[in-house]
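Engineer: Have a look at this one.
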Amino acid sequence: MGIGSEPGNSPSVSVVIATYNRARFLPETIESVLQQRFRDFELIVVDDGSTDDTQAVLRSYGDRMRCFYQRNRGPAAARNFGIRHARGRWISIQDSDDLSTPDHLEILFGFAAKHPDCGMVFANGAYLGGPEHNRVTIIPLNKSHRLAQNGVRLVDLFDKSIVRLQAALIPKQCLEAIGGHDESLRICMDLDLAFRIFMRYPVAYLDEVVFLYRKHEGNIGRNQDLRLMENIRVIEKLVRESPQTKELLGARRIAQRTAYRYYRLAKGRWKGGDQRGARQAIREAVALRPLSLKYRLYQLRWI
């Protein structure tokens, strides 16, 4: 049952944490959820085949949460597993190395309860170690104010990945309708999910900080090559599955953004010694933006 629920009643929210070899961070993450001011929730933790002390950490919490184990299949598959077992109407996805603020669920559910047709409500986050990238919050404050005041557009999601599922609340029914996370993705599943939700349901943004992002060497997002390749795949998937994307964004914007990702991919590969891969990536950038002098110069330099 939910932590604040009566026996026999389903909780309003199911918090799902997928984890893999994060035993040193996991207790602080779990405590940040258990100490929520909003109490009508259950906590589900899915261990995605950890080989460290994760199981010992989970056993120490007894029946304060529901724990599951699966062989390692990646974070998207672990999240989907947890969602399938969730009993709440609304789903909160948390990473096992980040922290929820004490009012995390209170803020998000306070809005969601009044807007039951919303496909996703999300908010901002801050950095656990203090300001990063010359800013205090993950979404810059001026952009955060604008999103809350004017609403979220597809271009906001497309130009820069602003959705962090650690800051979101999504109806379980919505997740089931769109097929959950794409389990072939390991890094960009948040962006892919946000695109698919946005194309079918209303999406709302709140100008609040509801989680703290922990930056460390184990962050999977630090794999730049994989992140860029998946980002390109997600853009191509959006265009392929939602034909209205070209009308909403414009073919030029889509080509520019995709080409830029190929360009960054090329530079990273060249720096890493993968000259063949770099040449292949810069060819893709030039094909998308044949009039770009910068991309052509790099192509000529690497021949």
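Labels for the structure tokens follow display order: chains A, B, ..., residues from 1 in each chain, ligands from 1.
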Pull the strand (DSSP E or B) assignments for stretch 91-276 of chain A out of DSSP run on the backbone, and list those residues as a VMD selection string.
Structural biologist: chain A and resid 91 to 95 99 to 100 120 to 127 132 135 137 168 to 171 203 to 213
Engineer: Grab the residues selected above and save them as a PDB file, in the first residue's frame with C-alpha atoms.
Structural biologist:
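The result, written out as result_23.pdb:
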```
ATOM      1  CA  ILE A  91       4.095   7.581 -12.064  1.00  0.00           C
ATOM      2  CA  SER A  92       7.184   9.404 -10.801  1.00  0.00           C
ATOM      3  CA  ILE A  93      10.459   8.187 -12.322  1.00  0.00           C
ATOM      4  CA  GLN A  94      13.571   8.781 -10.195  1.00  0.00           C
ATOM      5  CA  ASP A  95      17.225   8.100 -10.928  1.00  0.00           C
ATOM      6  CA  LEU A  99      17.711  13.494  -4.788  1.00  0.00           C
ATOM      7  CA  SER A 100      14.071  14.571  -4.563  1.00  0.00           C
ATOM      8  CA  MET A 120       2.841  14.968 -18.224  1.00  0.00           C
ATOM      9  CA  VAL A 121       3.650  17.730 -15.789  1.00  0.00           C
ATOM     10  CA  PHE A 122       7.319  18.478 -15.234  1.00  0.00           C
ATOM     11  CA  ALA A 123       9.428  21.048 -13.445  1.00  0.00           C
ATOM     12  CA  ASN A 124      13.032  22.172 -12.989  1.00  0.00           C
ATOM     13  CA  GLY A 125      16.008  20.765 -11.154  1.00  0.00           C
ATOM     14  CA  ALA A 126      19.179  22.116  -9.599  1.00  0.00           C
ATOM     15  CA  TYR A 127      22.706  20.759  -9.213  1.00  0.00           C
ATOM     16  CA  GLU A 132      27.047  24.310 -13.028  1.00  0.00           C
ATOM     17  CA  ARG A 135      23.656  28.636 -13.891  1.00  0.00           C
ATOM     18  CA  THR A 137      19.161  25.429 -12.301  1.00  0.00           C
ATOM     19  CA  ALA A 168       8.012  14.758 -13.985  1.00  0.00           C
ATOM     20  CA  LEU A 169       4.715  13.117 -13.100  1.00  0.00           C
ATOM     21  CA  ILE A 170       2.989  11.020 -15.781  1.00  0.00           C
ATOM     22  CA  PRO A 171      -0.304   9.080 -15.703  1.00  0.00           C
ATOM     23  CA  VAL A 203       2.061  18.783 -21.351  1.00  0.00           C
ATOM     24  CA  ALA A 204       2.500  21.334 -18.542  1.00  0.00           C
ATOM     25  CA  TYR A 205       5.542  22.918 -16.914  1.00  0.00           C
ATOM     26  CA  LEU A 206       5.935  24.322 -13.397  1.00  0.00           C
ATOM     27  CA  ASP A 207       8.583  26.910 -12.531  1.00  0.00           C
ATOM     28  CA  GLU A 208       9.788  25.004  -9.463  1.00  0.00           C
ATOM     29  CA  VAL A 209      12.905  23.041  -8.484  1.00  0.00           C
ATOM     30  CA  VAL A 210      11.865  19.526  -7.455  1.00  0.00           C
ATOM     31  CA  PHE A 211      15.074  17.461  -7.675  1.00  0.00           C
ATOM     32  CA  LEU A 212      18.838  17.742  -7.332  1.00  0.00           C
ATOM     33  CA  TYR A 213      21.085  16.286 -10.023  1.00  0.00           C
TER      34      TYR A 213
END
```
Engineer: Set the distance at 8 Å and use only C-alpha atoms: which residues neighbour stretch 185-199 of chain A once local chain neighbours fewer than 6 positions away are removed? I'd like the list as a list of chain:residue names.
Structural biologist: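 In the requested format, the answer is A:Gly74, A:Pro75, A:Ala76, A:Gly119, A:Met120, A:Leu154, A:Leu157, A:Ser161, A:Val163, A:Arg164, A:Leu165, A:Cys174, A:Ile178, A:Ile220, A:Gly221, A:Leu226, A:Arg227, A:Glu230, A:Asn231, A:Val234, A:Leu238, A:Ser242.
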Engineer: Taking the backbone alone, and naming residues the way the document does, which bits of stretch 197-302 of chain A are alpha helix (DSSP H) by DSSP, as a ChimeraX atom specification?
Structural biologist: /A:197-198,224-241,244-249,251-271,275-288,293-301
Engineer: Would you output that residue set with C-alpha atoms, as a PDB file, in the first residue's frame?
Structural biologist:
```
ATOM      1  CA  ILE A 197       3.790  12.147 -24.928  1.00  0.00           C
ATOM      2  CA  PHE A 198       3.796  15.681 -26.335  1.00  0.00           C
ATOM      3  CA  GLN A 224      29.176  11.365 -25.676  1.00  0.00           C
ATOM      4  CA  ASP A 225      29.245   9.139 -28.761  1.00  0.00           C
ATOM      5  CA  LEU A 226      26.293   7.021 -27.628  1.00  0.00           C
ATOM      6  CA  ARG A 227      24.349  10.073 -26.450  1.00  0.00           C
ATOM      7  CA  LEU A 228      24.694  11.821 -29.817  1.00  0.00           C
ATOM      8  CA  MET A 229      23.892   8.695 -31.831  1.00  0.00           C
ATOM      9  CA  GLU A 230      20.769   8.052 -29.754  1.00  0.00           C
ATOM     10  CA  ASN A 231      19.768  11.704 -30.020  1.00  0.00           C
ATOM     11  CA  ILE A 232      19.891  11.441 -33.808  1.00  0.00           C
ATOM     12  CA  ARG A 233      17.868   8.205 -33.694  1.00  0.00           C
ATOM     13  CA  VAL A 234      15.224   9.834 -31.495  1.00  0.00           C
ATOM     14  CA  ILE A 235      14.886  12.804 -33.886  1.00  0.00           C
ATOM     15  CA  GLU A 236      14.551  10.467 -36.876  1.00  0.00           C
ATOM     16  CA  LYS A 237      11.979   8.406 -34.989  1.00  0.00           C
ATOM     17  CA  LEU A 238       9.956  11.530 -34.136  1.00  0.00           C
ATOM     18  CA  VAL A 239       9.851  12.632 -37.779  1.00  0.00           C
ATOM     19  CA  ARG A 240       9.038   9.119 -38.996  1.00  0.00           C
ATOM     20  CA  GLU A 241       6.237   8.404 -36.515  1.00  0.00           C
ATOM     21  CA  GLN A 244       3.192  16.705 -38.384  1.00  0.00           C
ATOM     22  CA  THR A 245       6.665  17.277 -36.930  1.00  0.00           C
ATOM     23  CA  LYS A 246       7.924  18.817 -40.178  1.00  0.00           C
ATOM     24  CA  GLU A 247       5.014  21.247 -40.201  1.00  0.00           C
ATOM     25  CA  LEU A 248       5.509  22.188 -36.538  1.00  0.00           C
ATOM     26  CA  LEU A 249       9.280  22.568 -36.682  1.00  0.00           C
ATOM     27  CA  ALA A 251      12.413  20.864 -42.426  1.00  0.00           C
ATOM     28  CA  ARG A 252      15.276  23.387 -42.171  1.00  0.00           C
ATOM     29  CA  ARG A 253      15.313  23.364 -38.362  1.00  0.00           C
ATOM     30  CA  ILE A 254      15.241  19.548 -38.257  1.00  0.00           C
ATOM     31  CA  ALA A 255      18.135  19.332 -40.753  1.00  0.00           C
ATOM     32  CA  GLN A 256      20.168  21.964 -38.882  1.00  0.00           C
ATOM     33  CA  ARG A 257      19.799  20.281 -35.526  1.00  0.00           C
ATOM     34  CA  THR A 258      20.526  16.792 -36.841  1.00  0.00           C
ATOM     35  CA  ALA A 259      23.539  18.012 -38.822  1.00  0.00           C
ATOM     36  CA  TYR A 260      24.941  19.746 -35.748  1.00  0.00           C
ATOM     37  CA  ARG A 261      24.737  16.523 -33.790  1.00  0.00           C
ATOM     38  CA  TYR A 262      26.595  14.686 -36.584  1.00  0.00           C
ATOM     39  CA  TYR A 263      29.220  17.460 -36.557  1.00  0.00           C
ATOM     40  CA  ARG A 264      29.768  17.088 -32.785  1.00  0.00           C
ATOM     41  CA  LEU A 265      29.863  13.324 -33.227  1.00  0.00           C
ATOM     42  CA  ALA A 266      32.526  13.731 -35.924  1.00  0.00           C
ATOM     43  CA  LYS A 267      34.705  15.999 -33.789  1.00  0.00           C
ATOM     44  CA  GLY A 268      34.503  13.651 -30.814  1.00  0.00           C
ATOM     45  CA  ARG A 269      35.423  10.639 -32.913  1.00  0.00           C
ATOM     46  CA  TRP A 270      38.357  12.426 -34.557  1.00  0.00           C
ATOM     47  CA  LYS A 271      39.671  13.508 -31.162  1.00  0.00           C
ATOM     48  CA  GLN A 275      39.150   8.798 -38.113  1.00  0.00           C
ATOM     49  CA  ARG A 276      36.926   6.579 -40.240  1.00  0.00           C
ATOM     50  CA  GLY A 277      33.953   7.179 -37.941  1.00  0.00           C
ATOM     51  CA  ALA A 278      34.629  10.920 -37.946  1.00  0.00           C
ATOM     52  CA  ARG A 279      34.642  11.061 -41.745  1.00  0.00           C
ATOM     53  CA  GLN A 280      31.394   9.114 -41.897  1.00  0.00           C
ATOM     54  CA  ALA A 281      29.701  11.463 -39.400  1.00  0.00           C
ATOM     55  CA  ILE A 282      30.869  14.657 -41.117  1.00  0.00           C
ATOM     56  CA  ARG A 283      29.583  13.284 -44.448  1.00  0.00           C
ATOM     57  CA  GLU A 284      26.145  12.975 -42.839  1.00  0.00           C
ATOM     58  CA  ALA A 285      26.363  16.569 -41.589  1.00  0.00           C
ATOM     59  CA  VAL A 286      27.290  17.841 -45.062  1.00  0.00           C
ATOM     60  CA  ALA A 287      24.500  15.823 -46.685  1.00  0.00           C
ATOM     61  CA  LEU A 288      21.986  17.496 -44.382  1.00  0.00           C
ATOM     62  CA  LEU A 293      31.097  26.068 -45.138  1.00  0.00           C
ATOM     63  CA  LYS A 294      32.225  24.916 -41.691  1.00  0.00           C
ATOM     64  CA  TYR A 295      31.127  21.320 -42.224  1.00  0.00           C
ATOM     65  CA  ARG A 296      32.682  21.199 -45.703  1.00  0.00           C
ATOM     66  CA  LEU A 297      35.984  22.550 -44.390  1.00  0.00           C
ATOM     67  CA  TYR A 298      36.148  19.822 -41.777  1.00  0.00           C
ATOM     68  CA  GLN A 299      35.343  17.249 -44.423  1.00  0.00           C
ATOM     69  CA  LEU A 300      38.156  18.519 -46.657  1.00  0.00           C
ATOM     70  CA  ARG A 301      40.626  18.704 -43.771  1.00  0.00           C
TER      71      ARG A 301
END
```
Engineer: Could you name the residues that touch A:Arg24 at 9 Å or less, counting only C-alpha atoms, but leaving out those on the same chain fewer than 3 positions away, as a PDB file with all heavy atoms, in the first residue's frame?
Structural biologist:
```pdb
ATOM      1  N   ASN A  21      24.210  -0.854  -9.864  1.00  0.00           N
ATOM      2  CA  ASN A  21      25.517  -0.607  -9.236  1.00  0.00           C
ATOM      3  C   ASN A  21      25.659   0.818  -8.690  1.00  0.00           C
ATOM      4  O   ASN A  21      26.663   1.488  -8.910  1.00  0.00           O
ATOM      5  CB  ASN A  21      26.650  -0.908 -10.223  1.00  0.00           C
ATOM      6  CG  ASN A  21      26.846  -2.402 -10.426  1.00  0.00           C
ATOM      7  OD1 ASN A  21      26.280  -3.224  -9.696  1.00  0.00           O
ATOM      8  ND2 ASN A  21      27.644  -2.768 -11.415  1.00  0.00           N
ATOM      9  N   PRO A  27      21.104   4.886  -0.900  1.00  0.00           N
ATOM     10  CA  PRO A  27      20.430   5.209   0.372  1.00  0.00           C
ATOM     11  C   PRO A  27      19.984   6.666   0.452  1.00  0.00           C
ATOM     12  O   PRO A  27      18.866   6.946   0.919  1.00  0.00           O
ATOM     13  CB  PRO A  27      21.506   4.892   1.422  1.00  0.00           C
ATOM     14  CG  PRO A  27      22.363   3.861   0.779  1.00  0.00           C
ATOM     15  CD  PRO A  27      22.415   4.244  -0.667  1.00  0.00           C
ATOM     16  N   GLU A  28      20.826   7.593   0.005  1.00  0.00           N
ATOM     17  CA  GLU A  28      20.449   9.002   0.064  1.00  0.00           C
ATOM     18  C   GLU A  28      19.268   9.291  -0.860  1.00  0.00           C
ATOM     19  O   GLU A  28      18.377  10.074  -0.519  1.00  0.00           O
ATOM     20  CB  GLU A  28      21.650   9.876  -0.301  1.00  0.00           C
ATOM     21  CG  GLU A  28      21.488  11.335   0.091  1.00  0.00           C
ATOM     22  CD  GLU A  28      22.738  12.151  -0.146  1.00  0.00           C
ATOM     23  OE1 GLU A  28      23.738  11.613  -0.665  1.00  0.00           O
ATOM     24  OE2 GLU A  28      22.710  13.349   0.189  1.00  0.00           O
ATOM     25  N   ASP A  53      26.775  -3.850  -3.735  1.00  0.00           N
ATOM     26  CA  ASP A  53      26.017  -4.119  -2.511  1.00  0.00           C
ATOM     27  C   ASP A  53      24.568  -3.628  -2.566  1.00  0.00           C
ATOM     28  O   ASP A  53      23.940  -3.435  -1.511  1.00  0.00           O
ATOM     29  CB  ASP A  53      26.730  -3.464  -1.316  1.00  0.00           C
ATOM     30  CG  ASP A  53      28.079  -4.088  -1.030  1.00  0.00           C
ATOM     31  OD1 ASP A  53      28.233  -5.295  -1.317  1.00  0.00           O
ATOM     32  OD2 ASP A  53      28.981  -3.375  -0.545  1.00  0.00           O
ATOM     33  N   THR A  54      24.029  -3.449  -3.749  1.00  0.00           N
ATOM     34  CA  THR A  54      22.670  -2.919  -3.883  1.00  0.00           C
ATOM     35  C   THR A  54      21.640  -3.757  -3.138  1.00  0.00           C
ATOM     36  O   THR A  54      20.767  -3.229  -2.444  1.00  0.00           O
ATOM     37  CB  THR A  54      22.280  -2.806  -5.370  1.00  0.00           C
ATOM     38  OG1 THR A  54      23.079  -1.794  -5.978  1.00  0.00           O
ATOM     39  CG2 THR A  54      20.813  -2.446  -5.531  1.00  0.00           C
ATOM     40  N   ASP A  97      20.733   8.024  -8.343  1.00  0.00           N
ATOM     41  CA  ASP A  97      21.840   8.817  -7.820  1.00  0.00           C
ATOM     42  C   ASP A  97      21.455  10.268  -7.565  1.00  0.00           C
ATOM     43  O   ASP A  97      22.275  11.062  -7.088  1.00  0.00           O
ATOM     44  CB  ASP A  97      23.049   8.760  -8.763  1.00  0.00           C
ATOM     45  CG  ASP A  97      22.691   9.075 -10.209  1.00  0.00           C
ATOM     46  OD1 ASP A  97      21.489   9.248 -10.505  1.00  0.00           O
ATOM     47  OD2 ASP A  97      23.609   9.146 -11.040  1.00  0.00           O
TER      48      ASP A  97
END
```
Engineer: Please measure the separation of atom CA of A:Pro202 and atom CA of A:His85, giving the value in Å to one decimal.
Structural biologist: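 The value is 25.1 Å.
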Engineer: Within 12 Å of A:Arg59, counting only C-alpha atoms, which residues show up once you throw out same-chain ones fewer than 5 positions away? Write them as a PyMOL selection string, please.
Structural biologist: chain A and resi 23+27+45+47+53-54+64-68
Engineer: Hey, can you check how far atom CA of A:Ile44 sits from atom CA of A:Ala86?
Structural biologist: 7.5 Å
Engineer: Taking into account only C-alpha atoms, which residue in the set A:Ala18, A:Ala112, A:Val57, A:Leu26 is nearest to A:Tyr69?
Structural biologist: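 Comparing A:Ala18, A:Ala112, A:Val57, A:Leu26 against A:Tyr69, the winner is A:Ala18.
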Engineer: Can you measure atom CA of A:Gln36 to atom CA of A:Thr51 for me? One decimal in Å is fine.
Structural biologist: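 These atoms are spaced 29.1 Å apart.
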